[in-house]
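Quick look at coords-v7.tsv (TSV, C-alpha atoms):
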```
chain	number	residue	atom	x	y	z
N	1	MET	CA	0.00	0.00	0.00
N	2	SER	CA	1.30	3.47	-0.85
N	3	ARG	CA	-0.65	5.41	1.81
N	4	ARG	CA	-1.31	4.57	5.45
N	5	VAL	CA	-4.07	6.64	7.03
N	6	LEU	CA	-5.08	6.84	10.69
N	7	LEU	CA	-8.60	8.16	11.31
N	8	CYS	CA	-9.66	9.06	14.86
N	9	VAL	CA	-12.84	10.47	16.38
N	10	SER	CA	-12.82	12.41	19.63
N	11	GLY	CA	-14.68	14.82	21.84
N	12	LEU	CA	-12.52	16.68	24.35
N	13	SER	CA	-9.80	14.02	24.55
N	14	PRO	CA	-7.36	14.59	21.66
N	15	GLN	CA	-5.00	12.25	23.53
N	16	VAL	CA	-6.58	9.49	21.45
N	17	VAL	CA	-4.35	10.60	18.56
N	18	THR	CA	-1.03	10.44	20.40
N	19	GLU	CA	-1.95	7.36	22.43
N	20	THR	CA	-2.94	5.47	19.28
N	21	LEU	CA	0.18	6.60	17.42
N	22	TYR	CA	2.36	5.51	20.33
N	23	ALA	CA	0.66	2.10	20.50
N	24	LEU	CA	0.91	1.57	16.73
N	25	ALA	CA	4.62	2.44	16.79
N	26	HIS	CA	5.33	0.05	19.67
N	27	GLN	CA	3.68	-3.06	18.26
N	28	PRO	CA	5.92	-6.06	17.48
N	29	GLU	CA	5.40	-5.04	13.84
N	30	PRO	CA	5.11	-1.23	13.95
N	31	TRP	CA	2.54	0.46	11.74
N	32	ILE	CA	3.26	4.16	11.23
N	33	PRO	CA	0.67	6.17	9.31
N	34	ASP	CA	1.63	8.56	6.55
N	35	GLU	CA	-1.17	10.90	7.58
N	36	VAL	CA	-3.62	11.39	10.44
N	37	TRP	CA	-7.17	12.76	10.37
N	38	LEU	CA	-9.31	13.66	13.37
N	39	VAL	CA	-13.11	14.09	13.37
N	40	THR	CA	-14.41	16.09	16.31
N	41	THR	CA	-16.67	18.93	17.50
N	42	ALA	CA	-15.88	22.66	17.48
N	43	LYS	CA	-14.79	22.52	21.12
N	44	GLY	CA	-12.86	19.34	20.45
N	45	ALA	CA	-11.12	20.89	17.44
N	46	GLU	CA	-9.91	23.89	19.43
N	47	HIS	CA	-8.80	21.66	22.29
N	48	ALA	CA	-6.93	19.41	19.86
N	49	ARG	CA	-5.27	22.37	18.12
N	50	LEU	CA	-4.02	23.83	21.37
N	51	THR	CA	-2.79	20.62	22.98
N	52	LEU	CA	-1.45	18.75	19.95
N	53	PHE	CA	0.18	21.70	18.17
N	54	VAL	CA	0.73	24.52	20.71
N	55	GLU	CA	0.92	23.45	24.35
N	56	GLU	CA	4.50	22.67	25.45
N	57	GLY	CA	5.62	22.58	21.83
N	58	GLY	CA	2.67	20.47	20.78
N	59	TRP	CA	2.22	16.93	22.09
N	60	PHE	CA	2.01	15.48	18.60
N	61	ASN	CA	5.39	16.94	17.62
N	62	ARG	CA	6.88	15.91	20.95
N	63	LEU	CA	5.80	12.31	20.40
N	64	VAL	CA	7.33	12.25	16.91
N	65	ASN	CA	10.60	13.70	18.23
N	66	ASP	CA	10.74	11.59	21.41
N	67	TYR	CA	10.50	8.34	19.46
N	68	SER	CA	12.17	9.41	16.20
N	69	LEU	CA	9.08	8.56	14.17
N	70	PRO	CA	9.17	9.12	10.42
N	71	GLN	CA	7.41	12.13	8.96
N	72	ILE	CA	3.64	12.01	9.53
N	73	VAL	CA	1.36	14.51	7.83
N	74	PHE	CA	-0.90	15.91	10.53
N	75	THR	CA	-1.73	19.61	10.76
N	76	PRO	CA	-4.63	21.67	12.14
N	77	GLU	CA	-6.16	21.38	8.66
N	78	HIS	CA	-6.46	17.63	9.28
N	79	ILE	CA	-8.84	18.28	12.19
N	80	LEU	CA	-12.34	18.02	10.72
N	81	THR	CA	-15.18	19.72	12.59
N	82	VAL	CA	-18.70	18.33	12.49
N	83	LYS	CA	-21.18	20.92	11.19
N	84	ASP	CA	-24.94	21.29	11.43
N	85	THR	CA	-27.30	21.35	8.44
N	86	ARG	CA	-26.55	25.06	7.95
N	87	GLY	CA	-22.81	24.50	7.86
N	88	ARG	CA	-22.15	25.87	11.34
N	89	PRO	CA	-19.61	24.06	13.55
N	90	LEU	CA	-21.25	21.97	16.28
N	91	GLU	CA	-20.01	22.78	19.77
N	92	ASP	CA	-21.04	19.36	21.06
N	93	ILE	CA	-23.00	16.25	20.09
N	94	ARG	CA	-26.22	16.57	22.09
N	95	THR	CA	-29.20	15.74	19.91
N	96	GLU	CA	-30.28	13.04	17.47
N	97	ALA	CA	-29.68	15.49	14.62
N	98	ASP	CA	-26.16	16.17	15.92
N	99	ASN	CA	-25.44	12.45	15.98
N	100	LEU	CA	-26.57	12.10	12.37
N	101	ARG	CA	-24.32	14.97	11.26
N	102	LEU	CA	-21.40	13.26	12.98
N	103	ALA	CA	-22.31	9.98	11.28
N	104	ASP	CA	-22.47	11.75	7.91
N	105	MET	CA	-18.97	13.13	8.33
N	106	VAL	CA	-17.51	9.78	9.40
N	107	THR	CA	-19.30	8.11	6.48
N	108	GLU	CA	-17.84	10.65	4.07
N	109	GLN	CA	-14.29	10.18	5.34
N	110	VAL	CA	-14.35	6.38	5.57
N	111	ARG	CA	-15.94	6.11	2.11
N	112	ARG	CA	-13.30	8.49	0.71
N	113	PHE	CA	-10.36	6.53	2.02
N	114	CYS	CA	-11.80	3.09	1.27
N	115	ALA	CA	-12.53	4.11	-2.32
N	116	ASP	CA	-8.77	4.36	-2.91
N	117	PRO	CA	-7.22	0.88	-3.35
N	118	GLU	CA	-3.81	2.27	-2.42
N	119	VAL	CA	-4.95	3.42	1.02
N	120	GLU	CA	-4.58	1.25	4.10
N	121	LEU	CA	-7.01	2.71	6.66
N	122	HIS	CA	-6.75	2.30	10.42
N	123	VAL	CA	-9.72	3.58	12.46
N	124	SER	CA	-9.51	4.15	16.21
N	125	LEU	CA	-12.50	3.62	18.51
N	126	ALA	CA	-10.77	5.10	21.53
N	127	GLY	CA	-12.10	8.66	21.57
N	128	GLY	CA	-15.33	10.57	21.93
N	129	ARG	CA	-18.76	9.62	23.16
N	130	LYS	CA	-20.02	6.06	22.78
N	131	THR	CA	-22.03	7.03	19.71
N	132	MET	CA	-18.84	8.33	18.07
N	133	SER	CA	-17.12	4.99	18.61
N	134	PHE	CA	-20.18	3.10	17.38
N	135	PHE	CA	-20.39	5.10	14.16
N	136	ALA	CA	-16.66	4.75	13.48
N	137	GLY	CA	-16.73	0.97	13.83
N	138	TYR	CA	-20.08	0.39	12.13
N	139	ILE	CA	-19.29	2.57	9.12
N	140	LEU	CA	-15.89	0.93	8.68
N	141	SER	CA	-17.71	-2.41	8.64
N	142	LEU	CA	-19.73	-1.19	5.64
N	143	PHE	CA	-16.80	0.09	3.60
N	144	GLY	CA	-13.75	-1.66	5.06
N	145	ARG	CA	-11.56	-3.96	2.97
N	146	ALA	CA	-9.04	-6.65	3.78
N	147	GLN	CA	-6.23	-4.14	4.42
N	148	ASP	CA	-8.22	-1.93	6.81
N	149	ARG	CA	-8.06	-2.20	10.59
N	150	LEU	CA	-10.05	-1.16	13.67
N	151	SER	CA	-8.58	-0.74	17.14
N	152	HIS	CA	-8.91	0.58	20.66
N	153	VAL	CA	-6.12	1.72	22.98
N	154	LEU	CA	-5.83	0.54	26.58
N	155	VAL	CA	-4.18	2.88	29.09
N	156	GLU	CA	-2.84	1.65	32.43
N	157	PRO	CA	-2.78	2.44	35.30
N	158	GLN	CA	-6.33	3.80	35.06
N	159	ALA	CA	-5.34	7.10	36.64
N	160	PHE	CA	-3.64	8.05	33.36
N	161	GLU	CA	-6.77	7.36	31.31
N	162	SER	CA	-8.44	10.63	30.21
N	163	HIS	CA	-5.98	12.63	32.32
N	164	PRO	CA	-5.82	16.07	30.67
N	165	GLN	CA	-2.01	16.15	30.95
N	166	PHE	CA	-1.29	12.62	29.73
N	167	PHE	CA	-0.73	12.06	26.01
N	168	TYR	CA	1.65	9.09	25.83
N	169	PRO	CA	4.34	7.36	27.92
N	170	THR	CA	7.38	9.60	27.70
N	171	PRO	CA	10.83	8.01	27.18
N	172	GLU	CA	12.17	9.89	30.23
N	173	SER	CA	10.68	10.68	33.63
N	174	SER	CA	7.91	13.31	33.39
N	175	PRO	CA	5.82	13.86	36.55
N	176	ILE	CA	2.18	14.97	36.69
N	177	ARG	CA	-0.37	14.90	39.49
N	178	ASP	CA	-3.48	12.73	39.54
N	179	ARG	CA	-6.92	14.00	40.56
N	180	ASN	CA	-6.03	13.45	44.23
N	181	GLY	CA	-2.83	15.43	43.98
N	182	GLU	CA	-0.59	12.36	44.00
N	183	ILE	CA	2.46	12.47	41.72
N	184	MET	CA	2.55	10.08	38.75
N	185	ASP	CA	5.24	9.58	36.16
N	186	ARG	CA	4.21	9.64	32.50
N	187	ALA	CA	7.13	7.35	31.74
N	188	GLN	CA	5.56	4.62	33.89
N	189	ALA	CA	2.27	4.52	31.98
N	190	ARG	CA	1.44	1.59	29.72
N	191	VAL	CA	-0.46	2.08	26.46
N	192	SER	CA	-1.32	-0.95	24.35
N	193	LEU	CA	-3.31	-1.51	21.21
N	194	SER	CA	-6.27	-3.89	21.07
N	195	GLU	CA	-7.28	-4.74	17.52
N	196	VAL	CA	-11.04	-5.17	17.10
N	197	PRO	CA	-12.24	-7.79	14.58
N	198	PHE	CA	-15.06	-6.54	12.39
N	199	LEU	CA	-17.22	-7.80	9.56
N	200	ARG	CA	-16.11	-6.43	6.18
N	201	LEU	CA	-19.15	-5.96	3.95
N	202	SER	CA	-17.67	-3.96	1.07
N	203	GLY	CA	-17.22	-7.10	-1.02
N	204	VAL	CA	-20.96	-7.81	-1.02
N	205	LEU	CA	-22.42	-4.29	-1.33
N	206	ASP	CA	-23.30	-2.87	-4.72
N	207	ALA	CA	-21.18	-0.20	-6.37
N	208	GLU	CA	-23.80	2.55	-5.99
N	209	VAL	CA	-23.70	2.16	-2.23
N	210	LEU	CA	-19.91	2.09	-2.07
N	211	GLN	CA	-19.32	4.95	-4.49
N	212	GLY	CA	-22.46	7.04	-3.99
N	213	ARG	CA	-22.90	10.17	-1.96
N	214	HIS	CA	-25.55	8.95	0.50
N	215	GLY	CA	-25.36	10.27	4.03
N	216	TYR	CA	-25.45	7.81	6.90
N	217	GLU	CA	-29.22	7.70	7.42
N	218	ALA	CA	-30.00	7.45	3.68
N	219	LEU	CA	-27.33	4.79	3.32
N	220	ILE	CA	-28.84	2.65	6.07
N	221	ARG	CA	-32.34	3.07	4.61
N	222	ARG	CA	-31.09	2.01	1.20
N	223	LEU	CA	-29.30	-1.04	2.57
N	224	GLN	CA	-32.34	-2.02	4.61
N	225	SER	CA	-34.65	-1.70	1.60
N	226	ASN	CA	-32.22	-3.80	-0.43
N	227	MET	CA	-32.57	-6.55	2.15
N	228	GLU	CA	-36.38	-6.64	1.92
N	229	PRO	CA	-37.39	-9.45	-0.48
N	230	GLU	CA	-38.85	-8.43	-3.84
N	231	PRO	CA	-40.95	-10.44	-6.31
N	232	VAL	CA	-39.06	-12.95	-8.45
N	233	VAL	CA	-40.29	-13.53	-12.00
N	234	ILE	CA	-38.95	-16.43	-14.07
N	235	ASP	CA	-39.89	-16.23	-17.75
N	236	LEU	CA	-39.37	-19.59	-19.46
N	237	ALA	CA	-39.98	-18.15	-22.91
N	238	GLU	CA	-37.45	-15.36	-22.49
N	239	ARG	CA	-35.14	-17.59	-20.39
N	240	SER	CA	-34.84	-14.78	-17.84
N	241	VAL	CA	-34.87	-14.27	-14.09
N	242	ARG	CA	-35.79	-10.88	-12.62
N	243	VAL	CA	-35.80	-9.86	-8.98
N	244	GLY	CA	-37.78	-6.65	-8.70
N	245	GLY	CA	-36.42	-4.63	-11.58
N	246	THR	CA	-33.02	-6.34	-11.68
N	247	LYS	CA	-32.12	-9.04	-14.18
N	248	VAL	CA	-30.07	-11.93	-12.82
N	249	ASP	CA	-27.57	-13.45	-15.23
N	250	LEU	CA	-28.61	-17.11	-15.02
N	251	LYS	CA	-28.03	-19.19	-18.13
N	252	GLY	CA	-28.02	-22.76	-19.33
N	253	ILE	CA	-28.33	-25.53	-16.77
N	254	ASN	CA	-28.27	-23.07	-13.86
N	255	PHE	CA	-31.33	-21.24	-15.21
N	256	VAL	CA	-33.14	-24.54	-15.78
N	257	PHE	CA	-32.35	-25.89	-12.31
N	258	TYR	CA	-33.42	-22.66	-10.57
N	259	ALA	CA	-36.66	-22.55	-12.58
N	260	TRP	CA	-37.34	-26.18	-11.62
N	261	MET	CA	-36.80	-25.46	-7.92
N	262	VAL	CA	-39.22	-22.53	-8.17
N	263	ALA	CA	-41.72	-24.74	-9.99
N	264	ARG	CA	-41.47	-27.30	-7.17
N	265	LEU	CA	-42.11	-24.57	-4.61
N	266	LEU	CA	-45.16	-23.30	-6.51
N	267	SER	CA	-46.61	-26.77	-7.09
N	268	GLY	CA	-46.23	-27.80	-3.46
N	269	ASP	CA	-43.52	-30.41	-4.14
N	270	GLY	CA	-41.15	-28.24	-2.15
N	271	PRO	CA	-37.49	-28.92	-1.34
N	272	ILE	CA	-35.38	-31.83	-2.58
N	273	ASP	CA	-33.30	-34.29	-0.59
N	274	MET	CA	-29.62	-33.59	-1.11
N	275	PRO	CA	-27.99	-36.64	-2.79
N	276	LEU	CA	-25.39	-38.26	-0.57
N	277	GLN	CA	-21.82	-37.10	-1.02
N	278	GLY	CA	-19.52	-39.81	-2.37
N	279	ASP	CA	-22.41	-42.02	-3.50
N	280	VAL	CA	-21.38	-43.69	-6.79
N	281	ASN	CA	-24.97	-43.68	-8.03
N	282	GLY	CA	-26.90	-40.42	-7.90
N	283	ASP	CA	-30.58	-40.10	-7.11
N	284	ALA	CA	-32.29	-41.61	-10.18
N	285	GLU	CA	-35.82	-40.66	-9.14
N	286	LEU	CA	-34.84	-37.03	-8.58
N	287	ALA	CA	-33.01	-36.97	-11.91
N	288	GLN	CA	-36.04	-38.33	-13.77
N	289	ALA	CA	-38.33	-35.73	-12.20
N	290	PHE	CA	-35.96	-32.98	-13.28
N	291	LEU	CA	-35.56	-34.39	-16.80
N	292	ARG	CA	-39.31	-34.77	-17.31
N	293	TRP	CA	-39.96	-31.18	-16.27
N	294	THR	CA	-37.10	-29.89	-18.43
N	295	GLN	CA	-38.35	-31.75	-21.51
N	296	LYS	CA	-41.96	-30.73	-20.91
N	297	HIS	CA	-40.98	-27.07	-21.20
N	298	GLY	CA	-38.51	-27.59	-24.05
N	299	LEU	CA	-35.60	-26.43	-21.92
N	300	ASP	CA	-33.48	-29.44	-22.81
N	301	MET	CA	-32.97	-27.82	-26.23
N	302	LEU	CA	-31.24	-24.75	-24.81
N	303	PRO	CA	-27.54	-24.30	-25.74
N	304	HIS	CA	-25.25	-26.44	-23.57
N	305	VAL	CA	-28.15	-27.76	-21.48
N	306	GLY	CA	-28.47	-31.10	-23.28
N	307	ARG	CA	-24.85	-31.95	-22.59
N	308	SER	CA	-25.28	-31.09	-18.90
N	309	LEU	CA	-28.27	-33.45	-18.70
N	310	GLU	CA	-26.44	-36.51	-20.02
N	311	PRO	CA	-24.84	-37.49	-16.65
N	312	LEU	CA	-28.29	-37.35	-15.03
N	313	GLU	CA	-29.75	-39.71	-17.62
N	314	GLU	CA	-26.94	-42.19	-17.05
N	315	GLY	CA	-26.20	-41.98	-13.33
N	316	GLY	CA	-28.91	-39.98	-11.60
N	317	MET	CA	-28.64	-36.60	-9.88
N	318	SER	CA	-25.41	-36.49	-7.90
N	319	HIS	CA	-24.38	-34.51	-4.84
N	320	ASN	CA	-21.82	-32.61	-6.90
N	321	PHE	CA	-24.41	-31.66	-9.52
N	322	VAL	CA	-26.69	-30.07	-6.93
N	323	ARG	CA	-23.77	-28.45	-5.09
N	324	ASP	CA	-22.43	-26.86	-8.29
N	325	ARG	CA	-25.84	-25.53	-9.29
N	326	LYS	CA	-26.34	-24.01	-5.83
N	327	TYR	CA	-22.93	-22.34	-5.96
N	328	ASP	CA	-23.39	-20.89	-9.46
N	329	ILE	CA	-26.90	-19.66	-8.72
N	330	LYS	CA	-25.87	-18.01	-5.45
N	331	LYS	CA	-22.92	-16.35	-7.17
N	332	ALA	CA	-25.14	-14.92	-9.94
N	333	LEU	CA	-27.65	-13.62	-7.38
N	334	ARG	CA	-24.94	-11.91	-5.35
N	335	GLU	CA	-23.36	-10.36	-8.45
N	336	ALA	CA	-26.73	-8.89	-9.43
N	337	LEU	CA	-28.12	-7.95	-6.01
N	338	GLY	CA	-25.23	-7.80	-3.60
N	339	LEU	CA	-25.69	-9.23	-0.12
N	340	ALA	CA	-29.49	-9.14	-0.54
N	341	GLY	CA	-29.22	-11.75	-3.30
N	342	GLU	CA	-28.48	-14.54	-0.84
N	343	GLN	CA	-32.08	-14.63	0.40
N	344	TYR	CA	-33.22	-15.84	-3.04
N	345	ALA	CA	-30.66	-18.66	-3.20
N	346	ILE	CA	-31.18	-22.40	-2.77
N	347	VAL	CA	-30.20	-23.17	0.82
N	348	PRO	CA	-30.20	-26.05	3.34
N	349	LEU	CA	-33.56	-26.27	5.12
N	350	GLY	CA	-32.68	-28.95	7.65
N	351	ARG	CA	-32.51	-32.75	7.59
N	352	GLY	CA	-30.64	-32.74	4.29
N	353	ARG	CA	-33.34	-30.83	2.45
N	354	GLN	CA	-32.43	-28.13	-0.08
N	355	GLY	CA	-34.84	-25.48	-1.28
N	356	LEU	CA	-35.97	-21.86	-1.36
N	357	ARG	CA	-36.46	-20.19	1.98
N	358	LEU	CA	-38.76	-17.38	0.81
N	359	PRO	CA	-42.54	-17.97	0.57
N	360	ALA	CA	-44.11	-19.09	-2.73
N	361	GLU	CA	-46.12	-15.84	-2.94
N	362	LEU	CA	-42.94	-13.98	-3.94
N	363	PHE	CA	-42.29	-16.19	-6.99
N	364	ALA	CA	-43.94	-16.25	-10.41
N	365	LEU	CA	-43.22	-18.72	-13.23
N	366	ARG	CA	-44.52	-18.04	-16.68
```
When written as structure tokens, how does the structure in this file appear?
Amino acid sequence: MSRRVLLCVSGLSPQVVTETLYALAHQPEPWIPDEVWLVTTAKGAEHARLTLFVEEGGWFNRLVNDYSLPQIVFTPEHILTVKDTRGRPLEDIRTEADNLRLADMVTEQVRRFCADPEVELHVSLAGGRKTMSFFAGYILSLFGRAQDRLSHVLVEPQAFESHPQFFYPTPESSPIRDRNGEIMDRAQARVSLSEVPFLRLSGVLDAEVLQGRHGYEALIRRLQSNMEPEPVVIDLAERSVRVGGTKVDLKGINFVFYAWMVARLLSGDGPIDMPLQGDVNGDAELAQAFLRWTQKHGLDMLPHVGRSLEPLEEGGMSHNFVRDRKYDIKKALREALGLAGEQYAIVPLGRGRQGLRLPAELFALR
């Protein structure tokens, strides 16, 4: 990867930036970002500017110098302030509307970085209110790829956590006082990184979602609507499958097998018993039922279908035949519909039965 980006969210604790940088640099395999971005409120932005770039020479610059870190691009311009619907900086996150504006900004930034295949994004959950952390992790789950990471920093002893004068363990003794007036040494603090596993959904979401300009709320509504099942129409004359208004690219034997499974659902025959794996002889009765239906509708004359039917005529319907059809059909549905396509696939229904999970009322065969 040519660019490493650290994205943090925070309220009035800009220490999340220096603590995370310190922890990343002190892993067994250090990961040093090329640039850092911080999403925060108006108060948080001013607090971050003063402490990270002004106070005592700026705690960000002190960290870089203390541990001889390579050049990291992080300036006050990299501190992004959440704004209201009129473009005014938000002093704090207090209302539902404020939370949505924060979510919109995090969505915009995560989408921006994840759209670039050369960026390796690391998102920190350590700062801000709980809703800030939730949005950061949840939105990364929507857009994150294999190279992206999510983490939280752990600070010990607890007295150092959220202490306004603690930013990272210093290499030399550096005393401060705790809330009870007792002296503590910054050099004795321990900051460690805890990587958080998360579900990466970018590989199953459609391009419009990944590359569009939807805000957080609109994005969630769109994804939720995509997951609601739509009518499925199978046209035997046109040899087509449509889910809602989307055509699914099913051809040849895969189209015929899917149409047959839908026909079984509509006629009340229902699921099939999965042929046993490793059985030399396939299920002859199941094969004959499939062949009769295929011939009745003239589908055995489709290009490449006749050749695919020959093994069934000779040896019955095998486990591998059903498995391959299920795989190809599921793949075509996902390519056309994204993650929502899986609900239309042929799936295990218990006790070795394979069929369609959705109700018959959603399917039409003509």
Q) N:Arg62: which residues within 10 Å, counting all atoms listed in the file, same-chain residues fewer than 4 positions away excluded, as a list in words? A)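 Here the qualifying residues turn out to be Thr18, Leu52, Phe53, Glu56, Gly57, Gly58, Asp66, Tyr67, Ser68, Phe167, Tyr168 and Thr170 of chain N.
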Q. Between N:Tyr216, N:Phe321, N:Phe143, N:Phe363, which has the minimum distance to N:Ser202 (counting all atoms listed in the file)?
A. N:Phe143
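The smallest atom-to-atom distance between N:Ser2 and any of N:Ile79, N:Val36, N:Leu121, N:Leu199, using all atoms listed in the file, is found for N:Leu121.
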(Q) Considering only C-alpha atoms, can you say which of N:Gly215, N:Gly87, N:Gly252, N:Pro28 comes closest to N:Ser308? (A)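 Ranking N:Gly215, N:Gly87, N:Gly252, N:Pro28 by distance to N:Ser308, first place goes to N:Gly252.
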Q | Separation of atom CA of N:Leu154 from atom CA of N:Arg177, in Å and rounded to one decimal | A |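 The value is 20.1 Å.
The coordinates place atom CA of N:Val262 at 12.1 Å from atom CA of N:Phe290.
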Q | N:Ile72, N:Leu312, N:Leu205, N:Leu193 ranked by distance to N:Arg3, top pick (using all atoms listed in the file) | A |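 Checking each of N:Ile72, N:Leu312, N:Leu205, N:Leu193 against N:Arg3, counting all atoms listed in the file, the winner is N:Ile72.
Considering the residues N:Glu172, N:Glu108, N:Glu230, N:Asp249 and counting only C-alpha atoms, N:His214 has its shortest atom-to-atom contact with N:Glu108.
Atom CA of N:Met227 sits 23.4 Å away from atom CA of N:Val106.
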Using all atoms of stretch 183-187 of chain N listed in the file and a margin of 8 Å per side, can you give the axis-aligned box centre and edge lengths in Å to one decimal, as AutoDock Vina command-line options?
```
--center_x 4.8 --center_y 9.9 --center_z 36.7 --size_x 20.7 --size_y 21.1 --size_z 26.0
```
Q. Taking into account all atoms listed in the file, which residue in the set N:Trp37, N:Leu12, N:Ile139, N:Glu29 is nearest to N:Glu217?
A.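 Between N:Trp37, N:Leu12, N:Ile139, N:Glu29, the residue approaching N:Glu217 most closely is N:Ile139.
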What's around N:Asn99 at 12 Å? Count all atoms listed in the file, leave out sequence neighbours fewer than 5 positions away in its own chain, and write the answer as a CSV table (one decimal) with C-alpha atoms, keeping the file's coordinate frame.
```csv
chain,number,residue,atom,x,y,z
N,40,THR,CA,-14.4,16.1,16.3
N,41,THR,CA,-16.7,18.9,17.5
N,82,VAL,CA,-18.7,18.3,12.5
N,83,LYS,CA,-21.2,20.9,11.2
N,84,ASP,CA,-24.9,21.3,11.4
N,85,THR,CA,-27.3,21.4,8.4
N,90,LEU,CA,-21.2,22.0,16.3
N,92,ASP,CA,-21.0,19.4,21.1
N,93,ILE,CA,-23.0,16.2,20.1
N,94,ARG,CA,-26.2,16.6,22.1
N,104,ASP,CA,-22.5,11.8,7.9
N,105,MET,CA,-19.0,13.1,8.3
N,106,VAL,CA,-17.5,9.8,9.4
N,128,GLY,CA,-15.3,10.6,21.9
N,129,ARG,CA,-18.8,9.6,23.2
N,130,LYS,CA,-20.0,6.1,22.8
N,131,THR,CA,-22.0,7.0,19.7
N,132,MET,CA,-18.8,8.3,18.1
N,133,SER,CA,-17.1,5.0,18.6
N,134,PHE,CA,-20.2,3.1,17.4
N,135,PHE,CA,-20.4,5.1,14.2
N,136,ALA,CA,-16.7,4.8,13.5
N,216,TYR,CA,-25.4,7.8,6.9
N,217,GLU,CA,-29.2,7.7,7.4
```
Q. Which neighbours of N:Pro70 fall inside 12 Å, counting all atoms listed in the file, when residues of the same chain fewer than 2 positions from it are skipped, and could you give them as a VMD selection string?
A. chain N and resid 21 25 30 to 35 61 63 to 68 72 to 73
